[in-house]
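Worksheet: one structure, shown below.
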Amino acid sequence: MPYTDADNAILAAFNNAIALPTTILYDSAGKEVWRIAGGVEWDDTEMAKLLRTAD
């Protein structure tokens with residue numbers, strides 16, 4: 001069964017020190033290309049450039 005944290009209890013347990021959501025992009029070799037903590041505007045021009053950086 002999946003765990004959902006609707007009340008952000010996990011975030012509170014870490015004194016809000018971690019940012020959710022966190023997006024991580026890996027290339028075809030499994031190497032991390034970039035990581036973004038927090039919300040993302042997926043239709044933004046800069047995001048499109050970042051998505052093209054992975055091979």
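If you're wondering about the labels, chains in the structure tokens are A, B, ... by order shown, residues count from 1 in each chain, ligands from 1 in order shown.
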
Within 12 Å of segment 43-53 of chain A, which residues of segment 2-25 of chain A come that close, and what is the closest atom pair and distance in Å for each? Count only C-alpha atoms and give it as a tab-separated table.
```
residue	atom	partner	partner_atom	distance
A:Thr23	CA	A:Leu51	CA	11.4
A:Ile24	CA	A:Leu51	CA	10.7
A:Leu25	CA	A:Leu51	CA	7.9
```

Next item on the list: From chain A, collect each residue whose DSSP state is strand (DSSP E or B) and return the set as number ranges by chain.
Entry: A: 22-26, 32-37

Checklist line | Coordinates-based distance that separates atom CA of Asn8 of chain A from atom CA of Thr22 of chain A (Å, one decimal) | finding: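 That distance, rounded to one decimal, is 14.4 Å.
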
Note to self: Please identify the helix (DSSP H, G or I) residues within chain A (assignment by DSSP from backbone atoms) and present them as an MDAnalysis selection string.
What the structure shows: chainID A and resid 9:13 45:51
